[in-house]
>>> print(open('final_1.txt').read())   # compact mmCIF, C-alpha atoms
# COMPACT_ATOMS: atom_id res chain seq x y z
CA MET A 1 56.32 146.22 101.44
CA THR A 2 57.93 148.59 98.95
CA TRP A 3 60.13 147.26 96.18
CA ARG A 4 62.86 149.65 94.99
CA TYR A 5 64.26 149.18 91.50
CA ALA A 6 67.52 149.87 89.67
CA ASP A 7 65.75 152.37 87.39
CA GLY A 8 64.62 154.49 90.39
CA GLY A 9 61.06 153.21 90.34
CA GLN A 10 59.17 151.44 93.08
CA GLY A 11 56.21 149.11 93.61
CA GLU A 12 54.18 147.90 96.57
CA THR A 13 52.93 144.51 97.71
CA ASP A 14 50.77 143.84 100.76
CA VAL A 15 52.04 141.30 103.28
CA VAL A 16 48.98 140.27 105.27
CA TYR A 17 48.85 138.85 108.80
CA GLY A 18 47.07 135.49 108.74
CA GLN A 19 47.63 135.10 105.00
CA HIS A 20 51.44 135.23 104.71
CA LEU A 21 52.54 134.91 108.34
CA ARG A 22 51.51 135.00 111.99
CA ASN A 23 53.04 136.21 115.24
CA LEU A 24 56.69 135.33 115.83
CA TRP A 25 55.82 134.27 119.40
CA LEU A 26 54.01 130.91 119.36
CA ASP A 27 52.15 131.53 122.63
CA ARG A 28 50.63 134.79 121.32
CA ASP A 29 49.04 133.06 118.32
CA PRO A 30 49.19 129.26 118.53
CA LYS A 31 47.52 128.81 115.12
CA SER A 32 50.28 128.33 112.56
CA GLU A 33 48.62 127.69 109.19
CA VAL A 34 48.55 130.43 106.55
CA PRO A 35 47.24 130.04 102.99
CA ALA A 36 50.14 131.83 101.26
CA GLY A 37 53.11 130.45 103.20
CA ARG A 38 54.39 127.93 105.69
CA VAL A 39 56.25 127.72 108.97
CA ALA A 40 59.89 127.37 107.93
CA TRP A 41 61.42 127.12 111.40
CA THR A 42 60.30 126.78 115.00
CA GLY A 43 62.77 127.05 117.83
CA SER A 44 64.00 129.06 120.74
CA SER A 45 66.00 132.11 121.67
CA PRO A 46 67.19 133.50 124.99
CA SER A 47 64.05 135.68 125.20
CA ALA A 48 61.74 132.80 124.26
CA LYS A 49 63.33 130.66 126.98
CA ASP A 50 62.78 133.46 129.50
CA PHE A 51 59.06 133.47 128.61
CA LYS A 52 58.88 129.64 128.35
CA THR A 53 57.67 129.70 124.76
CA GLN A 54 58.99 129.17 121.23
CA ILE A 55 59.36 131.41 118.22
CA ARG A 56 58.79 130.67 114.54
CA LEU A 57 59.66 132.06 111.15
CA TYR A 58 57.51 131.91 108.04
CA GLU A 59 58.49 131.41 104.43
CA TYR A 60 56.43 132.76 101.57
CA THR A 61 57.06 133.89 98.01
CA LEU A 62 55.99 137.20 96.54
CA ASP A 63 56.04 138.02 92.84
CA ASN A 64 58.05 141.05 91.80
CA PRO A 65 55.51 143.57 90.41
CA ARG A 66 58.11 144.55 87.75
CA PRO A 67 60.03 141.35 86.95
CA GLU A 68 61.85 142.95 84.01
CA VAL A 69 63.71 145.40 86.35
CA GLU A 70 66.34 144.50 88.96
CA VAL A 71 65.24 144.89 92.60
CA THR A 72 67.80 146.90 94.58
CA SER A 73 66.08 146.85 97.99
CA LEU A 74 62.91 146.08 99.92
CA GLN A 75 61.41 148.30 102.61
CA TRP A 76 58.86 147.10 105.16
CA PHE A 77 56.09 149.21 106.67
CA GLY A 78 53.66 148.11 109.39
CA GLY A 79 50.05 149.06 108.81
CA MET A 80 48.30 148.43 112.12
CA SER A 81 51.26 147.38 114.27
CA ILE A 82 55.02 147.61 114.62
CA SER A 83 56.13 145.12 111.97
CA ALA A 84 59.47 144.57 110.34
CA PRO A 85 61.99 141.85 109.63
CA SER A 86 64.73 141.83 112.23
CA SER A 87 68.15 140.36 112.72
CA SER A 88 70.39 139.79 115.69
CA PRO A 89 73.70 141.65 115.84
>>> encode(input="final_1.txt", output="structure tokens")
Amino acid sequence: MTWRYADGGQGETDVVYGQHLRNLWLDRDPKSEVPAGRVAWTGSSPSAKDFKTQIRLYEYTLDNPRPEVEVTSLQWFGGMSISAPSSSP
């Protein structure tokens, strides 16, 4: 994840599968525990119902690498897979 700052600078923090989060789809990775976070929500969606499974969202806290400077945006990059936060329209 790249942090972008008000002064034009940037910093990076790794978000690691199995440490901060796991697969959104419960049936693809039934293990839920992670050392740096927690399951914040488990539920359903139209797609999850179609596949007869549930989805989950994780919560975790990351420290700003430059806490003295305002963060203006965050940008996600997937290392080994297609990974990014998403939202429904």
>>> closest_residue(input="final_1.txt", among="A:Gly37, A:Pro46, A:Gly8, A:Pro30", to="Ser73 (chain A)", atoms="all atoms listed in the file")
A:Gly8
>>> closest_residue(input="final_1.txt", among="A:Asp14, A:Met1, A:Ala36, A:Trp25", to="Lys49 (chain A)", atoms="only C-alpha atoms")
A:Trp25
>>> atom_distance(input="final_1.txt", atom1="CA of Val39 (chain A)", atom2="CA of Trp76 (chain A)")
19.9 Å
>>> atom_distance(input="final_1.txt", atom1="CA of Arg38 (chain A)", atom2="CA of Glu68 (chain A)")
27.4 Å
>>> closest_residue(input="final_1.txt", among="A:Val69, A:Val34, A:Leu26, A:Leu74", to="Thr53 (chain A)", atoms="all atoms listed in the file")
A:Leu26
>>> residues_around(input="final_1.txt", residues="Arg22 (chain A)", least_positions_apart="3", cutoff="7 Å", atoms="only C-alpha atoms", output="JSON, numbers by chain")
{"A": [17, 18, 32]}
>>> atom_distance(input="final_1.txt", atom1="CA of Gln19 (chain A)", atom2="CA of Arg66 (chain A)")
22.3 Å
>>> closest_residue(input="final_1.txt", among="A:Pro67, A:Thr2, A:Gln10, A:Asp27", to="Phe51 (chain A)", atoms="all atoms listed in the file")
A:Asp27
>>> residues_around(input="final_1.txt", residues="Gln54 (chain A)", least_positions_apart="6", cutoff="6 Å", atoms="all atoms listed in the file", output="compact mmCIF listing (two decimals) with C-alpha atoms, in the coordinates of the input")
# COMPACT_ATOMS: atom_id res chain seq x y z
CA LEU A 26 54.01 130.91 119.36
CA GLY A 43 62.77 127.05 117.83
CA SER A 44 64.00 129.06 120.74
CA ALA A 48 61.74 132.80 124.26
>>> closest_residue(input="final_1.txt", among="A:Thr42, A:Gly9, A:Lys31, A:Thr72", to="Arg56 (chain A)", atoms="all atoms listed in the file")
A:Thr42
>>> decode(input="final_1.txt", residues="region 14-57 of chain A", atoms="N, CA and C atoms", output="JSON list (two decimals), in the first residue's frame")
[["chain", "number", "residue", "atom", "x", "y", "z"],
["A", 14, "ASP", "N", 3.60, -2.85, 3.69],
["A", 14, "ASP", "CA", 3.12, -4.13, 3.19],
["A", 14, "ASP", "C", 1.86, -4.55, 3.93],
["A", 15, "VAL", "N", 0.87, -5.00, 3.19],
["A", 15, "VAL", "CA", -0.33, -5.64, 3.74],
["A", 15, "VAL", "C", -0.21, -7.09, 3.31],
["A", 16, "VAL", "N", -0.12, -8.01, 4.27],
["A", 16, "VAL", "CA", 0.27, -9.38, 3.99],
["A", 16, "VAL", "C", -0.89, -10.35, 4.22],
["A", 17, "TYR", "N", -1.17, -11.16, 3.18],
["A", 17, "TYR", "CA", -2.19, -12.19, 3.29],
["A", 17, "TYR", "C", -1.81, -13.17, 4.40],
["A", 18, "GLY", "N", -2.77, -13.48, 5.27],
["A", 18, "GLY", "CA", -2.51, -14.39, 6.38],
["A", 18, "GLY", "C", -2.01, -13.69, 7.62],
["A", 19, "GLN", "N", -1.53, -12.47, 7.47],
["A", 19, "GLN", "CA", -1.10, -11.68, 8.63],
["A", 19, "GLN", "C", -2.12, -10.58, 8.95],
["A", 20, "HIS", "N", -2.58, -9.87, 7.91],
["A", 20, "HIS", "CA", -3.55, -8.79, 8.09],
["A", 20, "HIS", "C", -4.98, -9.19, 7.70],
["A", 21, "LEU", "N", -5.09, -10.11, 6.74],
["A", 21, "LEU", "CA", -6.40, -10.49, 6.23],
["A", 21, "LEU", "C", -6.31, -11.82, 5.52],
["A", 22, "ARG", "N", -7.47, -12.34, 5.13],
["A", 22, "ARG", "CA", -7.58, -13.57, 4.35],
["A", 22, "ARG", "C", -8.61, -13.35, 3.25],
["A", 23, "ASN", "N", -8.90, -14.36, 2.49],
["A", 23, "ASN", "CA", -9.80, -14.26, 1.36],
["A", 23, "ASN", "C", -11.17, -13.74, 1.78],
["A", 24, "LEU", "N", -11.75, -12.88, 0.97],
["A", 24, "LEU", "CA", -13.09, -12.37, 1.21],
["A", 24, "LEU", "C", -14.11, -13.50, 1.27],
["A", 25, "TRP", "N", -13.95, -14.50, 0.40],
["A", 25, "TRP", "CA", -14.88, -15.62, 0.30],
["A", 25, "TRP", "C", -14.53, -16.68, 1.33],
["A", 26, "LEU", "N", -15.43, -16.91, 2.27],
["A", 26, "LEU", "CA", -15.20, -17.84, 3.38],
["A", 26, "LEU", "C", -14.90, -19.26, 2.90],
["A", 27, "ASP", "N", -15.56, -19.73, 1.83],
["A", 27, "ASP", "CA", -15.34, -21.10, 1.39],
["A", 27, "ASP", "C", -13.97, -21.29, 0.71],
["A", 28, "ARG", "N", -13.33, -20.23, 0.29],
["A", 28, "ARG", "CA", -12.02, -20.34, -0.37],
["A", 28, "ARG", "C", -10.88, -20.38, 0.62],
["A", 29, "ASP", "N", -11.13, -19.94, 1.85],
["A", 29, "ASP", "CA", -10.14, -20.00, 2.92],
["A", 29, "ASP", "C", -10.90, -19.96, 4.24],
["A", 30, "PRO", "N", -11.33, -21.14, 4.74],
["A", 30, "PRO", "CA", -12.17, -21.16, 5.94],
["A", 30, "PRO", "C", -11.45, -20.69, 7.21],
["A", 31, "LYS", "N", -10.12, -20.72, 7.23],
["A", 31, "LYS", "CA", -9.40, -20.22, 8.40],
["A", 31, "LYS", "C", -9.61, -18.71, 8.47],
["A", 32, "SER", "N", -9.90, -18.18, 9.66],
["A", 32, "SER", "CA", -10.20, -16.76, 9.75],
["A", 32, "SER", "C", -9.20, -15.97, 10.60],
["A", 33, "GLU", "N", -8.44, -16.62, 11.46],
["A", 33, "GLU", "CA", -7.55, -15.91, 12.35],
["A", 33, "GLU", "C", -6.36, -15.31, 11.60],
["A", 34, "VAL", "N", -5.99, -14.09, 12.01],
["A", 34, "VAL", "CA", -4.79, -13.43, 11.52],
["A", 34, "VAL", "C", -4.14, -12.73, 12.71],
["A", 35, "PRO", "N", -2.81, -12.71, 12.79],
["A", 35, "PRO", "CA", -2.17, -12.12, 13.96],
["A", 35, "PRO", "C", -2.26, -10.60, 14.06],
["A", 36, "ALA", "N", -2.44, -9.90, 12.94],
["A", 36, "ALA", "CA", -2.43, -8.44, 12.96],
["A", 36, "ALA", "C", -3.81, -7.82, 12.73],
["A", 37, "GLY", "N", -4.87, -8.59, 12.84],
["A", 37, "GLY", "CA", -6.19, -8.05, 12.60],
["A", 37, "GLY", "C", -7.27, -8.96, 13.16],
["A", 38, "ARG", "N", -8.49, -8.71, 12.71],
["A", 38, "ARG", "CA", -9.62, -9.53, 13.16],
["A", 38, "ARG", "C", -10.72, -9.47, 12.11],
["A", 39, "VAL", "N", -11.58, -10.47, 12.12],
["A", 39, "VAL", "CA", -12.76, -10.44, 11.27],
["A", 39, "VAL", "C", -13.70, -9.40, 11.88],
["A", 40, "ALA", "N", -14.05, -8.39, 11.09],
["A", 40, "ALA", "CA", -14.93, -7.32, 11.57],
["A", 40, "ALA", "C", -16.38, -7.57, 11.19],
["A", 41, "TRP", "N", -16.61, -8.35, 10.13],
["A", 41, "TRP", "CA", -17.96, -8.60, 9.66],
["A", 41, "TRP", "C", -17.98, -9.86, 8.82],
["A", 42, "THR", "N", -18.99, -10.67, 9.02],
["A", 42, "THR", "CA", -19.25, -11.84, 8.18],
["A", 42, "THR", "C", -20.72, -11.76, 7.78],
["A", 43, "GLY", "N", -20.99, -11.98, 6.51],
["A", 43, "GLY", "CA", -22.36, -11.88, 6.05],
["A", 43, "GLY", "C", -22.52, -12.41, 4.65],
["A", 44, "SER", "N", -23.47, -11.85, 3.95],
["A", 44, "SER", "CA", -23.81, -12.34, 2.63],
["A", 44, "SER", "C", -23.89, -11.19, 1.64],
["A", 45, "SER", "N", -24.02, -11.57, 0.40],
["A", 45, "SER", "CA", -24.25, -10.65, -0.71],
["A", 45, "SER", "C", -24.99, -11.45, -1.77],
["A", 46, "PRO", "N", -25.53, -10.80, -2.78],
["A", 46, "PRO", "CA", -26.19, -11.58, -3.83],
["A", 46, "PRO", "C", -25.26, -12.64, -4.44],
["A", 47, "SER", "N", -24.01, -12.29, -4.69],
["A", 47, "SER", "CA", -23.07, -13.26, -5.27],
["A", 47, "SER", "C", -22.77, -14.39, -4.29],
["A", 48, "ALA", "N", -22.59, -14.07, -3.01],
["A", 48, "ALA", "CA", -22.32, -15.10, -2.02],
["A", 48, "ALA", "C", -23.50, -16.07, -1.92],
["A", 49, "LYS", "N", -24.71, -15.55, -1.99],
["A", 49, "LYS", "CA", -25.90, -16.41, -1.96],
["A", 49, "LYS", "C", -25.92, -17.33, -3.17],
["A", 50, "ASP", "N", -25.56, -16.79, -4.34],
["A", 50, "ASP", "CA", -25.52, -17.62, -5.55],
["A", 50, "ASP", "C", -24.56, -18.80, -5.39],
["A", 51, "PHE", "N", -23.44, -18.58, -4.69],
["A", 51, "PHE", "CA", -22.43, -19.62, -4.50],
["A", 51, "PHE", "C", -22.59, -20.37, -3.18],
["A", 52, "LYS", "N", -23.68, -20.05, -2.45],
["A", 52, "LYS", "CA", -23.99, -20.71, -1.17],
["A", 52, "LYS", "C", -22.83, -20.63, -0.18],
["A", 53, "THR", "N", -22.29, -19.43, -0.03],
["A", 53, "THR", "CA", -21.21, -19.19, 0.91],
["A", 53, "THR", "C", -21.42, -17.84, 1.58],
["A", 54, "GLN", "N", -20.48, -17.42, 2.40],
["A", 54, "GLN", "CA", -20.51, -16.12, 3.05],
["A", 54, "GLN", "C", -19.24, -15.36, 2.67],
["A", 55, "ILE", "N", -19.28, -14.06, 2.93],
["A", 55, "ILE", "CA", -18.10, -13.23, 2.75],
["A", 55, "ILE", "C", -17.75, -12.60, 4.09],
["A", 56, "ARG", "N", -16.53, -12.07, 4.17],
["A", 56, "ARG", "CA", -16.10, -11.44, 5.43],
["A", 56, "ARG", "C", -15.17, -10.28, 5.13],
["A", 57, "LEU", "N", -15.13, -9.35, 6.06],
["A", 57, "LEU", "CA", -14.24, -8.21, 5.98],
["A", 57, "LEU", "C", -13.36, -8.18, 7.21]]
